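**Student:** What follows is a structure written as structure tokens; I'll ask about it next.
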Protein chains: 2
Amino acid sequence: MKTKQIILQARPVGKPTPDDFKIVEIDLPALQSGQLLLKGLYFSVDPYMRGRMNDAKSYTAPFKLNDAINGGVIAEVIESKSEKYSIGEIVVGALPWQVNCVITDDAALQKIDAKYEHPSYYLGALGMPGLTAYFGLLDIGKPKTGETVVVSGAAGAVGILVGQIAKINGCRVIGIAGTDEKAKELVETFGFNEVINYKTTTDLKAAILGTCPKGIDVYFDNVGGEISDAVIANINFNARIVLCGQIALYNNTEVSMGPRLQPILLTRSVLMQGFIVSNYADRFEEGTAKLKLWMDEGKMIYKETIENGFENLPKALIGLFEGKNTGKMIVRI
Amino acid sequence: MKTKQIILQARPVGKPTPDDFKIVEIDLPALQSGQLLLKGLYFSVDPYMRGRMNDAKSYTAPFKLNDAINGGVIAEVIESKSEKYSIGEIVVGALPWQVNCVITDDAALQKIDAKYEHPSYYLGALGMPGLTAYFGLLDIGKPKTGETVVVSGAAGAVGILVGQIAKINGCRVIGIAGTDEKAKELVETFGFNEVINYKTTTDLKAAILGTCPKGIDVYFDNVGGEISDAVIANINFNARIVLCGQIALYNNTEVSMGPRLQPILLTRSVLMQGFIVSNYADRFEEGTAKLKLWMDEGKMIYKETIENGFENLPKALIGLFEGKNTGKMIVRI
């Protein structure tokens, strides 16, 4: 059986381009005992994947050149030589960018309810972005009722959830996003108190001070760079800065320079903590259960930006760095 | 009764100069009921005092212009109209830079054993610097046996203790200091594994990597600036950075620029925590008892650089920024 695969053809310098990827046709091996044949339904593209395109030490191994990209995928079991899985079951896991793939049944797959209305949410609100928002905000940010929480990348897959979880915890929530449409939607649909459009704001530091008259107690940072400089200039004593992403810097080819932060962090007793959701692997069940409960109760809602067609995976990934998504960016095939 | 007082005559721009201070003669009021007349014995000069010379929001209030500087002082009770204190008792507290001063007996003074061999240690190893090293290293740094701890400002009042407490906890300890004499003494007398002289090292990043082949698990930062950039470039996954001081930056007149740290902190799950020893006020008794025990058992030793003469207080304070001290800088009168 033949299938399509997307490989990393070249390591990008700066922002990825379509030429860094290549669609190839490969032969799948015949199914052995204990193996499954899967068909991809929904593919996740995430900012952290940019780091894996470099050949650099980080928390996840780099993609190999001329090998399949891989990431979060929702797939259907279409053939099974395993007693653990039956045809028609839906699974989520880290899988290669292939229309079909063969894997062994001891891979880290999670079954999801085939009748669930939004299976792709297991790549978003009920998956890695959801758990990232949940543990990052609650375990590191520790928001208290009445505190002010600022979220950058507020309209992204994680940011949109961070704001809602902060509201559930009784906080004032200020988002930072890149278009007026996103800002409007975050306030009107997702309950953010105010949202700043950083692209049309000339004095970001003043704008943040204006929306956070009592200063900032928790900063959930998805973007880094000058946006973060402006937020941190307004940070409160004993504040917590959750370092979740630095999308503004991922495509840099040189080390980014900025004001040194240590004097502010020191004089205001601020905590800054880098984190990776896998640090919380032993508590994923707790996190998913809570997120599912909030979704089922209607306390939390989610949004996806869906591209159609396997061949559009590279375009969707590149789109993340152009702010093309609101909520989770997904490719459906 | 007349006494000498040192006032802040001008707010320094950049490094303080003797002209920013002025010695004046003042009249002391007659002693009222509940008051004490004190005579200063040992005066503390500390890097954090530089921040108080600015008119800026920080964790301690700015010194007032044309008002007495104040800081840690060991003093003797020479007259008492209080039932709580007797003549001849020795106290430590935050007191004005005056040869004599009158204060009420409800001020936050701590009595110290008048027979103790090193009363001035209550401004150092058994005082604020000791507690800073103790809580900063143990509560934030959380060093584990076998880990590598790097201390900048290693020969300073705090650094010299941090290294020894890290050794007590079974760590490999690398110091960074500014002269070969300090480096030699830290290794030979204070038990540091290796010490880098940052002034004679051309490639600091490489030197740190050379002395820390397994990377850095805890960085206790007293200095900031380029020294910290070089250390943090070699920081390990799940490392802890204790922000205690930024003496390299205190005299800057503009915001210091440097490489943005968030990408490293994020991809390596690093914690960076600014702290102020007063955050631990409710545990000072525990800290002092432990430090005293280590000193009494000979597990920890201390060193002071002592200047003589009240009029040399400004010079001693300025000397901190020139690295003139090993251990605690004290002025004895």
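Scheme for the structure tokens: letters A, B, ... for chains in order shown; per-chain residue numbers from 1; ligand numbers from 1 in order shown.
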Could you work out which residues of chain B fall inside 7 Å of chain A? Count only C-alpha atoms, and format the result as a list in words.
**Tutor:** Ser58, Tyr59, Leu243, Cys244, Gln246, Val255, Ser256, Met257, Gly258, Pro259, Arg260, Pro263, Leu265, Leu266, Thr267, Arg268, Ser269, Val270, Leu271, Met272, Gln273, Gly274, Phe275 and Ile276 of chain B
**Student:** Among the residues of region 69-156 of chain B, find those DSSP assigns to helix (DSSP H, G or I) from the backbone and print them as a list in words.
**Tutor:** Pro119, Ser120, Tyr121, Tyr122, Leu123, Met128, Pro129, Gly130, Leu131, Thr132, Ala133, Tyr134, Phe135, Gly136, Leu137, Leu138, Asp139, Ile140 and Gly141 of chain B
**Student:** Which residues are near Lys39 (chain B)? Cut-off 8 Å, only C-alpha atoms, ignore same chain within fewer than 5 positions. Put them as a list of chain:residue names.
**Tutor:**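 Here the answer would be B:Ala75, B:Glu76, B:Val77, B:Ile78, B:Val99, B:Asn100, B:Cys101.
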**Student:** Could you give me, as a ChimeraX atom specification, the residues within 12 Å of Glu285 (chain B), counting only C-alpha atoms and dropping anything in the same chain fewer than 2 positions from it?
**Tutor:** /B:110,126-128,130-131,134-135,280-283,287-292
**Student:** With N, CA and C atoms retained, export the selected residues as an mmCIF file, in the first residue's frame.
**Tutor:**
```cif
data_model
loop_
_atom_site.group_PDB
_atom_site.id
_atom_site.type_symbol
_atom_site.label_atom_id
_atom_site.label_comp_id
_atom_site.auth_asym_id
_atom_site.auth_seq_id
_atom_site.Cartn_x
_atom_site.Cartn_y
_atom_site.Cartn_z
ATOM 1 N N GLN B 110 17.768 44.022 68.195
ATOM 2 C CA GLN B 110 17.971 42.660 68.680
ATOM 3 C C GLN B 110 19.186 42.711 69.602
ATOM 4 N N LEU B 126 25.921 36.108 60.594
ATOM 5 C CA LEU B 126 24.768 35.852 61.473
ATOM 6 C C LEU B 126 23.685 36.907 61.300
ATOM 7 N N GLY B 127 23.851 37.739 60.277
ATOM 8 C CA GLY B 127 22.882 38.811 60.054
ATOM 9 C C GLY B 127 22.262 38.704 58.673
ATOM 10 N N MET B 128 21.988 39.850 58.098
ATOM 11 C CA MET B 128 21.277 39.904 56.830
ATOM 12 C C MET B 128 21.984 39.121 55.721
ATOM 13 N N GLY B 130 24.000 36.569 55.961
ATOM 14 C CA GLY B 130 23.897 35.147 56.281
ATOM 15 C C GLY B 130 22.515 34.600 55.966
ATOM 16 N N LEU B 131 21.496 35.334 56.377
ATOM 17 C CA LEU B 131 20.122 34.894 56.125
ATOM 18 C C LEU B 131 19.813 34.906 54.628
ATOM 19 N N TYR B 134 21.425 31.819 53.238
ATOM 20 C CA TYR B 134 20.728 30.636 53.741
ATOM 21 C C TYR B 134 19.393 30.407 53.024
ATOM 22 N N PHE B 135 18.525 31.413 53.040
ATOM 23 C CA PHE B 135 17.193 31.217 52.440
ATOM 24 C C PHE B 135 17.254 31.213 50.914
ATOM 25 N N TYR B 280 11.439 36.331 54.183
ATOM 26 C CA TYR B 280 11.572 35.186 55.098
ATOM 27 C C TYR B 280 11.586 35.608 56.566
ATOM 28 N N ALA B 281 11.092 36.808 56.848
ATOM 29 C CA ALA B 281 11.189 37.369 58.200
ATOM 30 C C ALA B 281 10.665 36.410 59.274
ATOM 31 N N ASP B 282 9.619 35.664 58.958
ATOM 32 C CA ASP B 282 9.049 34.774 59.980
ATOM 33 C C ASP B 282 9.914 33.532 60.225
ATOM 34 N N ARG B 283 10.993 33.384 59.473
ATOM 35 C CA ARG B 283 11.872 32.226 59.690
ATOM 36 C C ARG B 283 13.304 32.644 60.038
ATOM 37 N N GLY B 287 16.939 30.456 60.691
ATOM 38 C CA GLY B 287 18.134 30.702 59.883
ATOM 39 C C GLY B 287 19.339 31.072 60.741
ATOM 40 N N THR B 288 19.126 32.007 61.662
ATOM 41 C CA THR B 288 20.236 32.446 62.507
ATOM 42 C C THR B 288 20.771 31.291 63.357
ATOM 43 N N ALA B 289 19.855 30.477 63.879
ATOM 44 C CA ALA B 289 20.276 29.345 64.720
ATOM 45 C C ALA B 289 21.152 28.375 63.926
ATOM 46 N N LYS B 290 20.747 28.094 62.699
ATOM 47 C CA LYS B 290 21.487 27.147 61.864
ATOM 48 C C LYS B 290 22.859 27.724 61.494
ATOM 49 N N LEU B 291 22.890 29.002 61.136
ATOM 50 C CA LEU B 291 24.154 29.644 60.758
ATOM 51 C C LEU B 291 25.114 29.660 61.953
ATOM 52 N N LYS B 292 24.554 29.975 63.131
ATOM 53 C CA LYS B 292 25.370 30.021 64.354
ATOM 54 C C LYS B 292 25.935 28.635 64.647
#
```
**Student:** Name the residues of region 6-96 of chain A that fall into strand (DSSP E or B) according to DSSP on the backbone, using the chain letters and numbers of this document, as a PyMOL selection string.
**Tutor:** chain A and resi 6-8+21-27+35-44+68+70-80+90-96
**Student:** Looking at only C-alpha atoms, which of B:Ala125, B:Ile227, B:Asn222, B:Tyr302 is the one that sits closest to Asp203 (chain B)?
**Tutor:**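 Of B:Ala125, B:Ile227, B:Asn222, B:Tyr302, the one nearest Asp203 (chain B) is B:Ile227, counting only C-alpha atoms.
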**Student:** Choose the residue, out of A:Ser152, A:Arg11, A:Glu117, A:Glu311, that has the smallest atom-to-atom separation from Val24 (chain A); count only C-alpha atoms.
**Tutor:**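 Using only C-alpha atoms, the shortest distance to Val24 (chain A) belongs to A:Glu311.
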